[in-house]
Every structure is written in C-alpha cells, then in structure tokens.
$ cat input_6.txt   # compact mmCIF, C-alpha atoms
# COMPACT_ATOMS: atom_id res chain seq x y z
CA MET A 6 -47.04 93.76 86.71
CA VAL A 7 -45.18 96.71 85.22
CA ALA A 8 -41.93 97.93 86.75
CA MET A 9 -41.98 101.56 87.84
CA THR A 10 -39.18 104.02 88.48
CA TYR A 11 -39.26 107.08 90.72
CA GLU A 12 -35.73 108.46 90.72
CA GLY A 13 -36.58 111.46 88.54
CA SER A 14 -39.52 112.66 90.60
CA SER A 15 -39.37 115.31 93.31
CA ILE A 16 -40.90 115.49 96.76
CA ASP A 17 -44.15 117.49 96.76
CA PRO A 18 -44.65 119.13 100.18
CA ALA A 19 -48.24 120.03 99.20
CA LYS A 20 -49.26 116.39 98.73
CA PRO A 21 -49.74 114.18 101.79
CA SER A 22 -47.62 111.04 102.08
CA ILE A 23 -48.65 107.87 103.88
CA ALA A 24 -45.07 107.42 105.09
CA ARG A 25 -44.86 110.97 106.44
CA VAL A 26 -48.26 110.81 108.17
CA TYR A 27 -47.14 107.60 109.86
CA ASP A 28 -43.88 109.33 110.84
CA TYR A 29 -45.86 112.19 112.39
CA LEU A 30 -48.10 109.84 114.37
CA LEU A 31 -44.99 108.12 115.76
CA GLY A 32 -43.58 111.46 116.90
CA GLY A 33 -41.13 111.95 114.03
CA LYS A 34 -40.15 115.26 112.46
CA ASP A 35 -39.77 114.26 108.79
CA ASN A 36 -43.17 115.52 107.69
CA TYR A 37 -44.89 118.61 106.27
CA ALA A 38 -47.89 120.68 107.28
CA VAL A 39 -50.14 118.71 104.90
CA ASP A 40 -49.10 115.45 106.60
CA ARG A 41 -49.65 116.88 110.07
CA GLU A 42 -53.09 118.09 109.01
CA ILE A 43 -54.08 114.50 108.17
CA GLY A 44 -52.42 113.16 111.29
CA ASP A 45 -54.28 115.68 113.41
CA VAL A 46 -57.60 114.37 112.09
CA PHE A 47 -56.74 111.08 113.76
CA LYS A 48 -55.44 112.77 116.92
CA ARG A 49 -58.36 115.18 117.23
CA ASP A 50 -61.36 113.34 115.83
CA LEU A 51 -60.31 109.78 116.59
CA PRO A 52 -58.60 110.07 120.00
CA GLY A 53 -56.60 107.01 120.86
CA SER A 54 -55.99 106.06 117.24
CA VAL A 55 -52.27 106.88 117.50
CA ALA A 56 -52.01 103.65 119.51
CA ILE A 57 -52.41 101.81 116.18
CA ALA A 58 -49.05 103.08 114.92
CA PHE A 59 -47.23 102.26 118.14
CA ALA A 60 -48.81 98.79 118.47
CA ASN A 61 -47.84 98.01 114.89
CA ARG A 62 -44.24 99.19 115.32
CA ALA A 63 -43.80 97.21 118.52
CA ALA A 64 -45.11 94.02 116.90
CA LEU A 65 -42.72 94.49 113.96
CA THR A 66 -39.79 94.85 116.36
CA ARG A 67 -40.77 91.67 118.20
CA ALA A 68 -41.22 89.75 114.95
CA VAL A 69 -37.80 90.71 113.57
CA ARG A 70 -36.19 89.81 116.90
CA GLU A 71 -38.04 86.48 116.90
CA ILE A 72 -36.85 85.64 113.40
CA ALA A 73 -33.26 86.69 114.11
CA THR A 74 -33.01 84.76 117.37
CA THR A 75 -35.00 81.59 116.67
CA THR A 76 -34.33 80.86 113.01
CA GLY A 77 -31.26 80.76 110.82
CA ILE A 78 -32.64 83.51 108.59
CA ARG A 79 -30.14 86.31 108.05
CA GLN A 80 -31.75 88.19 105.15
CA PHE A 81 -34.80 90.41 105.23
CA ILE A 82 -36.86 92.26 102.60
CA ASP A 83 -38.92 95.09 104.12
CA LEU A 84 -41.67 96.00 101.64
CA GLY A 85 -43.12 99.48 102.05
CA SER A 86 -40.63 100.30 104.78
CA GLY A 87 -41.60 103.97 105.22
CA LEU A 88 -39.46 106.61 106.89
CA PRO A 89 -36.70 105.44 109.22
CA THR A 90 -37.63 105.54 112.90
CA ALA A 91 -36.37 103.88 116.08
CA ASP A 92 -35.58 100.17 115.83
CA ASN A 93 -35.66 99.75 112.07
CA VAL A 94 -35.50 96.20 110.73
CA HIS A 95 -31.75 96.22 110.17
CA GLN A 96 -31.10 97.63 113.65
CA VAL A 97 -33.16 94.94 115.36
CA ALA A 98 -31.87 92.10 113.19
CA GLN A 99 -28.21 93.14 113.37
CA ARG A 100 -28.43 93.68 117.12
CA HIS A 101 -29.13 89.96 117.50
CA ALA A 102 -27.38 88.65 114.38
CA PRO A 103 -24.79 91.18 113.10
CA GLU A 104 -24.41 89.39 109.76
CA SER A 105 -28.07 90.06 108.86
CA ARG A 106 -28.73 91.75 105.51
CA VAL A 107 -31.75 93.95 104.79
CA VAL A 108 -33.31 95.39 101.64
CA TYR A 109 -35.72 98.28 102.24
CA VAL A 110 -38.32 98.98 99.55
CA ASP A 111 -40.50 102.06 99.18
CA ILE A 112 -41.80 104.52 96.58
CA ASP A 113 -41.88 107.55 98.86
CA LEU A 114 -38.95 109.76 97.81
CA GLN A 115 -38.44 111.18 101.28
CA ALA A 116 -38.38 107.71 102.80
CA LEU A 117 -35.84 106.66 100.18
CA ALA A 118 -33.63 109.69 100.77
CA HIS A 119 -33.66 109.32 104.55
CA GLY A 120 -33.13 105.58 104.31
CA ARG A 121 -30.11 105.98 102.08
CA ALA A 122 -28.61 108.61 104.38
CA LEU A 123 -29.13 106.42 107.45
CA LEU A 124 -27.65 103.37 105.75
CA ALA A 125 -24.75 105.02 103.93
CA ASN A 126 -22.19 103.29 106.15
CA ASN A 127 -23.98 99.96 106.52
CA ASP A 128 -22.76 97.60 103.79
CA ARG A 129 -25.34 94.94 104.67
CA THR A 130 -28.33 97.07 103.69
CA ARG A 131 -29.78 98.45 100.47
CA VAL A 132 -32.66 100.82 99.66
CA VAL A 133 -34.67 100.06 96.52
CA ALA A 134 -37.07 102.50 94.86
CA ALA A 135 -39.97 100.33 93.75
CA ASP A 136 -43.70 99.76 94.13
CA VAL A 137 -44.83 96.87 96.33
CA ARG A 138 -47.20 95.95 93.48
CA ASP A 139 -44.17 95.16 91.31
CA PRO A 140 -42.63 92.19 93.16
CA GLU A 141 -40.76 90.98 90.08
CA GLY A 142 -39.03 94.34 89.74
CA ILE A 143 -38.10 94.27 93.42
CA ARG A 144 -36.78 90.71 93.39
CA THR A 145 -34.67 91.19 90.26
CA HIS A 146 -33.40 94.67 91.14
CA PRO A 147 -29.56 94.72 91.12
CA ASP A 148 -29.42 96.06 94.68
CA THR A 149 -31.66 93.26 95.89
CA LEU A 150 -29.64 90.59 94.13
CA GLU A 151 -26.42 92.07 95.48
CA ILE A 152 -27.19 91.08 99.06
CA ILE A 153 -30.10 88.63 98.98
CA ASP A 154 -29.45 84.98 98.13
CA PHE A 155 -32.77 83.54 97.01
CA THR A 156 -31.51 79.99 97.38
CA ARG A 157 -31.58 80.53 101.15
CA PRO A 158 -34.56 81.39 103.40
CA VAL A 159 -35.68 85.01 103.48
CA ALA A 160 -37.84 87.01 105.89
CA VAL A 161 -40.44 88.95 103.89
CA ILE A 162 -41.77 91.90 105.90
CA LEU A 163 -45.20 93.27 104.93
CA SER A 164 -45.76 95.62 107.84
CA ALA A 165 -48.78 97.92 107.47
CA ILE A 166 -48.58 97.90 103.68
CA LEU A 167 -51.17 95.46 102.27
CA HIS A 168 -54.09 97.52 103.61
CA HIS A 169 -52.95 100.21 101.16
CA VAL A 170 -53.38 97.76 98.27
CA ASN A 171 -56.95 97.64 96.95
CA ASP A 172 -58.66 94.35 96.17
CA ASP A 173 -58.45 94.90 92.42
CA GLU A 174 -54.66 95.25 92.76
CA ASP A 175 -54.46 91.66 94.02
CA PRO A 176 -52.74 91.88 97.41
CA ALA A 177 -52.92 88.09 97.74
CA GLY A 178 -51.06 87.85 94.43
CA ILE A 179 -48.23 89.97 95.86
CA VAL A 180 -47.79 87.59 98.78
CA ARG A 181 -48.17 84.59 96.47
CA TYR A 182 -45.37 85.89 94.23
CA TRP A 183 -42.96 86.07 97.14
CA ARG A 184 -44.13 82.71 98.47
CA ASP A 185 -43.35 81.14 95.11
CA HIS A 186 -39.93 82.78 94.79
CA VAL A 187 -38.39 82.12 98.21
CA PRO A 188 -37.30 78.71 99.50
CA ALA A 189 -38.85 76.63 102.25
CA GLY A 190 -37.99 77.93 105.69
CA SER A 191 -38.72 81.53 104.69
CA HIS A 192 -40.90 83.57 107.05
CA PHE A 193 -43.56 86.20 106.29
CA PHE A 194 -44.55 88.89 108.79
CA VAL A 195 -47.79 90.74 108.03
CA SER A 196 -49.55 93.49 109.92
CA HIS A 197 -52.78 94.94 108.60
CA PHE A 198 -55.65 97.25 109.54
CA ARG A 199 -58.37 95.05 110.98
CA SER A 200 -62.10 95.46 110.47
CA GLY A 201 -63.78 96.01 113.80
CA ASP A 202 -67.41 96.43 112.72
CA ASN A 203 -67.60 99.61 114.78
CA PRO A 204 -67.78 103.38 114.18
CA GLU A 205 -64.05 103.83 114.83
CA THR A 206 -63.12 101.42 112.05
CA ALA A 207 -65.53 103.05 109.60
CA GLN A 208 -64.32 106.56 110.36
CA ALA A 209 -60.61 105.70 110.21
CA GLU A 210 -61.07 103.85 106.92
CA LYS A 211 -63.03 106.80 105.51
CA VAL A 212 -60.24 109.25 106.39
CA LEU A 213 -57.63 107.04 104.71
CA GLN A 214 -59.68 106.57 101.55
CA GLN A 215 -60.63 110.24 101.25
CA THR A 216 -57.01 111.34 101.73
CA PHE A 217 -55.13 108.83 99.61
CA GLY A 218 -57.83 107.38 97.38
CA ARG A 219 -57.11 103.89 98.63
CA GLY A 220 -57.18 101.73 101.71
CA ARG A 221 -58.96 98.52 102.65
CA TRP A 222 -59.63 97.27 106.17
CA ARG A 223 -59.91 93.46 106.22
CA THR A 224 -61.23 90.87 108.63
CA ASP A 225 -58.96 88.34 110.35
CA VAL A 226 -60.20 85.71 107.88
CA GLU A 227 -59.37 87.96 104.92
CA ILE A 228 -55.93 88.75 106.35
CA ALA A 229 -55.25 85.05 106.87
CA SER A 230 -56.32 84.38 103.28
CA LEU A 231 -53.54 86.69 102.07
CA LEU A 232 -51.14 84.10 103.50
CA ASP A 233 -52.70 81.18 101.63
CA GLY A 234 -50.22 78.35 101.14
CA LEU A 235 -48.17 79.37 104.17
CA GLU A 236 -48.31 77.95 107.69
CA ILE A 237 -49.54 80.65 110.07
CA LEU A 238 -47.60 80.28 113.31
CA ASP A 239 -48.94 80.71 116.84
CA PRO A 240 -50.79 82.69 118.03
CA GLY A 241 -52.31 83.18 114.55
CA ILE A 242 -53.74 86.43 113.23
CA VAL A 243 -54.36 88.50 116.35
CA PRO A 244 -54.37 92.15 117.42
CA ALA A 245 -50.77 93.33 117.09
CA SER A 246 -50.47 94.04 120.82
CA LEU A 247 -51.29 90.38 121.51
CA TRP A 248 -48.77 89.01 119.04
CA ARG A 249 -46.13 87.39 121.30
CA PRO A 250 -46.08 90.36 123.68
CA ASP A 251 -43.23 91.19 126.01
CA ASP A 252 -44.09 91.77 129.65
CA THR A 253 -43.95 95.50 128.94
CA ALA A 254 -46.03 95.41 125.74
CA SER A 255 -49.31 97.31 125.65
CA PRO A 256 -51.76 94.60 126.83
CA TRP A 257 -49.82 94.12 130.05
CA ASP A 258 -49.53 96.50 132.98
CA SER A 259 -47.22 95.47 135.83
CA GLY A 260 -47.58 91.87 134.72
CA GLU A 261 -51.38 91.98 134.80
CA ARG A 262 -53.35 91.59 131.62
CA ARG A 263 -55.86 94.29 130.73
CA GLU A 264 -58.42 94.69 127.99
CA LEU A 265 -57.16 96.21 124.76
CA THR A 266 -58.60 99.52 123.64
CA VAL A 267 -60.74 99.56 120.50
CA TRP A 268 -57.81 101.19 118.70
CA GLU A 269 -55.32 98.52 119.70
CA ARG A 270 -57.70 96.00 118.16
CA LEU A 271 -57.67 97.76 114.79
CA ILE A 272 -54.22 96.51 113.76
CA ALA A 273 -53.60 92.77 113.43
CA ALA A 274 -50.34 90.88 113.02
CA GLY A 275 -49.21 87.40 112.13
CA LEU A 276 -46.11 85.41 111.26
CA ALA A 277 -46.17 82.62 108.68
CA LEU A 278 -43.74 79.99 107.48
CA LYS A 279 -43.17 78.52 104.05
CA ALA A 280 -42.94 74.89 105.08
CA GLN A 281 -41.19 72.04 103.34
CA THR A 282 -43.33 70.53 100.56
$ encode --input "input_6.txt" --output "structure tokens"
Amino acid sequence: MVAMTYEGSSIDPAKPSIARVYDYLLGGKDNYAVDREIGDVFKRDLPGSVAIAFANRAALTRAVREIATTTGIRQFIDLGSGLPTADNVHQVAQRHAPESRVVYVDIDLQALAHGRALLANNDRTRVVAADVRDPEGIRTHPDTLEIIDFTRPVAVILSAILHHVNDDEDPAGIVRYWRDHVPAGSHFFVSHFRSGDNPETAQAEKVLQQTFGRGRWRTDVEIASLLDGLEILDPGIVPASLWRPDDTASPWDSGERRELTVWERLIAAGLALKAQT
C-alpha cells in the first residue's frame, strides 16, 4: 500500500465529508451546508436513522472503558477517528487509566485540525494524517512510534470505518496487517454497518454510495470474517446497542428490555482478542 500525505491540501466546504456528516448527525457544529444537506436526507427520508450514529458512539465508549478497566492495555490507535465529540477515546481511557496513550488517525483535514487543537495540551495523544488503507504508513509514522510501544499490547479501534472501505481495497487485509504487527493480548474493536435485508438498509447504503462513491454494508458473517485469526469475545458480533449494554443503553428502558428499532440493528459491534499462539 502506498503512503499518502494530506498536509498541503485545504478544506473544501463545497465537498461533503463523511466525518462532518457524522458530526452533524451527532448534533455537532463543525460541518458545512453540503454536509447538512446529506445529513438531512437521513433525517428526512430515513427517519430514525440518526439512532445509528448514537448507538455506534455509545458502543465505542463502552468498549474503550471495558479495555481500560479490565485489561492492562494502556495504548490505543483510533483509525478513522473523525471529528472530536463527547467522550473521545482518550477521554474515556484516561478517565479510567490516566496513563493511557492514544493515536488518532484520519485523512479529513477538519478532523485533523480540530483534533490537534483539542489535544494541544495532552502529551499522551497524537494526531496522524494518514489513510486507513495505509497501515504501514500509520504504524511507522514518527508520531505513532513516539507514544506507542509495539512490543506491548495495543487496542486497535476500527469504529465505523471499515464499511467505507470497498471490497477491492481489502478491508480484511487492513485488519490482518494490524493483527500481524501487534503482540498477543492486543484487542480490536470494530463497529460496522450491518446488512438488514430490508428497504432501510438498501436506501441508506444507496445514499452513502451516491454521495461518497463508496460504502459497503456487510452481514454479521462478513464482519466476523474481517477479524479472522482473532478470538471474538462475548457476546460476538451483535447490534451495537446490544454490545455489553449499560442499564441506560438504548435497548433498556427502566431496566426492562425492549425490541431494537430497525435502525439500531443496522450498526453492529464486536471486540476481539489476539490470543497467545
């Protein structure tokens, strides 16, 4: 894979950004009219779809907390991190384990700029401008190597990013690269748009592909196959809202379980372990 650089580019407010659309759907303000136009398609034509973004973010928060509190892992690589929002990876990890170190990776210039501003006074974080499809460039980047010790277990975060990687770009190869270059005991968190074999899935996938020219919903089996060679931990690949939910998470109301909406079922999550060989 070829390393790519983005430092010399400029933000184009006339071109929609995946990171900024996601920011808009989460209620953020770091977006432009073109991003809100795409976001409004989901809000207007696919009512309820905004739940996907919130379910995904909540699962990511729970996963980082789980890793920080139940393992000895104190270093995280967040691939395709997007724009900063509430409870970013470093905030969750450092809340439970203050010595945690985090590398954020993205190609979106606005995400990079906001990330660097947010983290200016946090010496245990770095922001790397790189493409998730260039894992070698990410791993060997000076900023990564400055705070990540690859002789010790790492948490690799692939939250809502692999569904933006087309099949011919080898998303499984991206995961395999990281699997092969981190030691046993490392954890992998993945969340991914989930095929639902229903009109909502087809329409949401169509909007993504028409807007960004890419996007691939996958079945639970296909998502699990991306983690080949890793041990998928309980409860497996499940809708994000059902991944180790808190009592206040979306599938629970006043302690009573309810059925998930069709939208909550369209984002899956899972946590995997690189076991001892």
$ closest_residue --input "input_6.txt" --among "A:Ala135, A:Leu31, A:Ala122, A:Ile82" --to "A:Ala60" --atoms "only C-alpha atoms"
A:Leu31
$ closest_residue --input "input_6.txt" --among "A:Tyr29, A:Trp248, A:Tyr109, A:Phe81" --to "A:Phe155" --atoms "only C-alpha atoms"
A:Phe81
$ atom_distance --input "input_6.txt" --atom1 "atom CA of A:His197" --atom2 "atom CA of A:Asp35"
23.3 Å
$ closest_residue --input "input_6.txt" --among "A:Arg25, A:Gly53, A:Asp225, A:Val195" --to "A:Arg41" --atoms "all atoms listed in the file"
A:Arg25
$ residues_around --input "input_6.txt" --residues "stretch 205-222 of chain A" --least-positions-apart "5" --cutoff "7 Å" --atoms "all atoms listed in the file" --output "JSON, numbers by chain"
{"A": [168, 169, 170, 171, 198, 199, 200]}
$ residues_near_point --input "input_6.txt" --point "(-43.3, 86.8, 100.0)" --cutoff "8 Å" --atoms "all atoms listed in the file" --output "list in words"
Val161, Ile162, Ile179, Val180, Arg181, Tyr182, Trp183, Arg184, Asp185, His186, Val187 and Phe193 of chain A
$ closest_residue --input "input_6.txt" --among "A:Ile237, A:Val267, A:Ile78, A:Ala245" --to "A:Ala280" --atoms "all atoms listed in the file"
A:Ile237
$ closest_residue --input "input_6.txt" --among "A:Asp128, A:Glu71, A:Glu227, A:Glu151" --to "A:Leu167" --atoms "only C-alpha atoms"
A:Glu227
$ residues_around --input "input_6.txt" --residues "A:Val243" --least-positions-apart "6" --cutoff "10 Å" --atoms "all atoms listed in the file" --output "number ranges by chain"
A: 196, 199, 225, 249, 270-275
$ residues_near_point --input "input_6.txt" --point "(-34.3, 94.9, 114.5)" --cutoff "6 Å" --atoms "all atoms listed in the file" --output "list in words"
Thr66, Val69, Arg70, Asp92, Asn93, Val94, His95, Gln96, Val97 and Ala98 of chain A
$ residues_around --input "input_6.txt" --residues "A:Asp28" --least-positions-apart "3" --cutoff "10 Å" --atoms "only C-alpha atoms" --output "list in words"
Ser22, Ile23, Ala24, Arg25, Leu31, Gly32, Gly33, Lys34, Asp35, Asn36, Asp40, Arg41, Gly44, Ala58, Gly87, Leu88, Pro89, Thr90 and Ala116 of chain A
$ closest_residue --input "input_6.txt" --among "A:Ala160, A:Gly77, A:Glu264, A:Tyr27" --to "A:Ser54" --atoms "only C-alpha atoms"
A:Tyr27
$ build_atoms --input "input_6.txt" --residues "stretch 52-63 of chain A" --atoms "all heavy atoms" --output "compact mmCIF listing (two decimals), in the coordinates of the input"
# COMPACT_ATOMS: atom_id res chain seq x y z
N PRO A 52 -59.57 110.14 118.89
CA PRO A 52 -58.60 110.07 120.00
C PRO A 52 -58.30 108.63 120.37
O PRO A 52 -59.17 107.78 120.45
CB PRO A 52 -59.32 110.81 121.13
CG PRO A 52 -60.77 110.79 120.77
CD PRO A 52 -60.81 110.85 119.29
N GLY A 53 -57.03 108.37 120.55
CA GLY A 53 -56.60 107.01 120.86
C GLY A 53 -56.09 106.27 119.66
O GLY A 53 -55.43 105.22 119.79
N SER A 54 -56.36 106.79 118.45
CA SER A 54 -55.99 106.06 117.24
C SER A 54 -54.48 105.99 117.03
O SER A 54 -53.98 105.11 116.32
CB SER A 54 -56.64 106.69 116.00
OG SER A 54 -56.19 108.02 115.80
N VAL A 55 -53.73 106.91 117.64
CA VAL A 55 -52.27 106.88 117.50
C VAL A 55 -51.71 105.56 118.05
O VAL A 55 -50.63 105.11 117.65
CB VAL A 55 -51.64 108.10 118.20
CG1 VAL A 55 -50.11 108.05 118.13
CG2 VAL A 55 -52.14 109.39 117.54
N ALA A 56 -52.45 104.93 118.96
CA ALA A 56 -52.01 103.65 119.51
C ALA A 56 -51.82 102.60 118.41
O ALA A 56 -51.04 101.66 118.58
CB ALA A 56 -53.02 103.15 120.54
N ILE A 57 -52.54 102.76 117.28
CA ILE A 57 -52.41 101.81 116.18
C ILE A 57 -50.97 101.80 115.68
O ILE A 57 -50.36 100.74 115.49
CB ILE A 57 -53.37 102.17 115.03
CG1 ILE A 57 -54.82 102.12 115.48
CG2 ILE A 57 -53.14 101.25 113.83
CD1 ILE A 57 -55.81 102.63 114.43
N ALA A 58 -50.41 102.99 115.46
CA ALA A 58 -49.05 103.08 114.92
C ALA A 58 -48.04 102.49 115.88
O ALA A 58 -47.12 101.76 115.47
CB ALA A 58 -48.71 104.55 114.62
N PHE A 59 -48.19 102.77 117.17
CA PHE A 59 -47.23 102.26 118.14
C PHE A 59 -47.36 100.75 118.33
O PHE A 59 -46.36 100.04 118.45
CB PHE A 59 -47.39 102.99 119.47
CG PHE A 59 -46.78 104.37 119.45
CD1 PHE A 59 -47.57 105.48 119.18
CD2 PHE A 59 -45.43 104.56 119.68
CE1 PHE A 59 -47.01 106.75 119.14
CE2 PHE A 59 -44.86 105.82 119.65
CZ PHE A 59 -45.66 106.93 119.38
N ALA A 60 -48.61 100.24 118.34
CA ALA A 60 -48.81 98.79 118.47
C ALA A 60 -48.21 98.05 117.29
O ALA A 60 -47.60 96.99 117.43
CB ALA A 60 -50.30 98.48 118.60
N ASN A 61 -48.38 98.63 116.09
CA ASN A 61 -47.84 98.01 114.89
C ASN A 61 -46.32 97.98 114.94
O ASN A 61 -45.69 96.96 114.65
CB ASN A 61 -48.30 98.77 113.65
CG ASN A 61 -47.68 98.22 112.40
OD1 ASN A 61 -48.00 97.12 111.94
ND2 ASN A 61 -46.76 98.98 111.80
N ARG A 62 -45.70 99.11 115.31
CA ARG A 62 -44.24 99.19 115.32
C ARG A 62 -43.65 98.22 116.34
O ARG A 62 -42.62 97.58 116.10
CB ARG A 62 -43.80 100.62 115.63
CG ARG A 62 -42.33 100.87 115.34
CD ARG A 62 -42.10 100.92 113.85
NE ARG A 62 -40.69 100.87 113.52
CZ ARG A 62 -40.21 100.94 112.28
NH1 ARG A 62 -41.06 101.05 111.27
NH2 ARG A 62 -38.94 100.88 112.04
N ALA A 63 -44.30 98.11 117.49
CA ALA A 63 -43.80 97.21 118.52
C ALA A 63 -43.89 95.76 118.08
O ALA A 63 -42.97 94.96 118.33
CB ALA A 63 -44.59 97.42 119.82
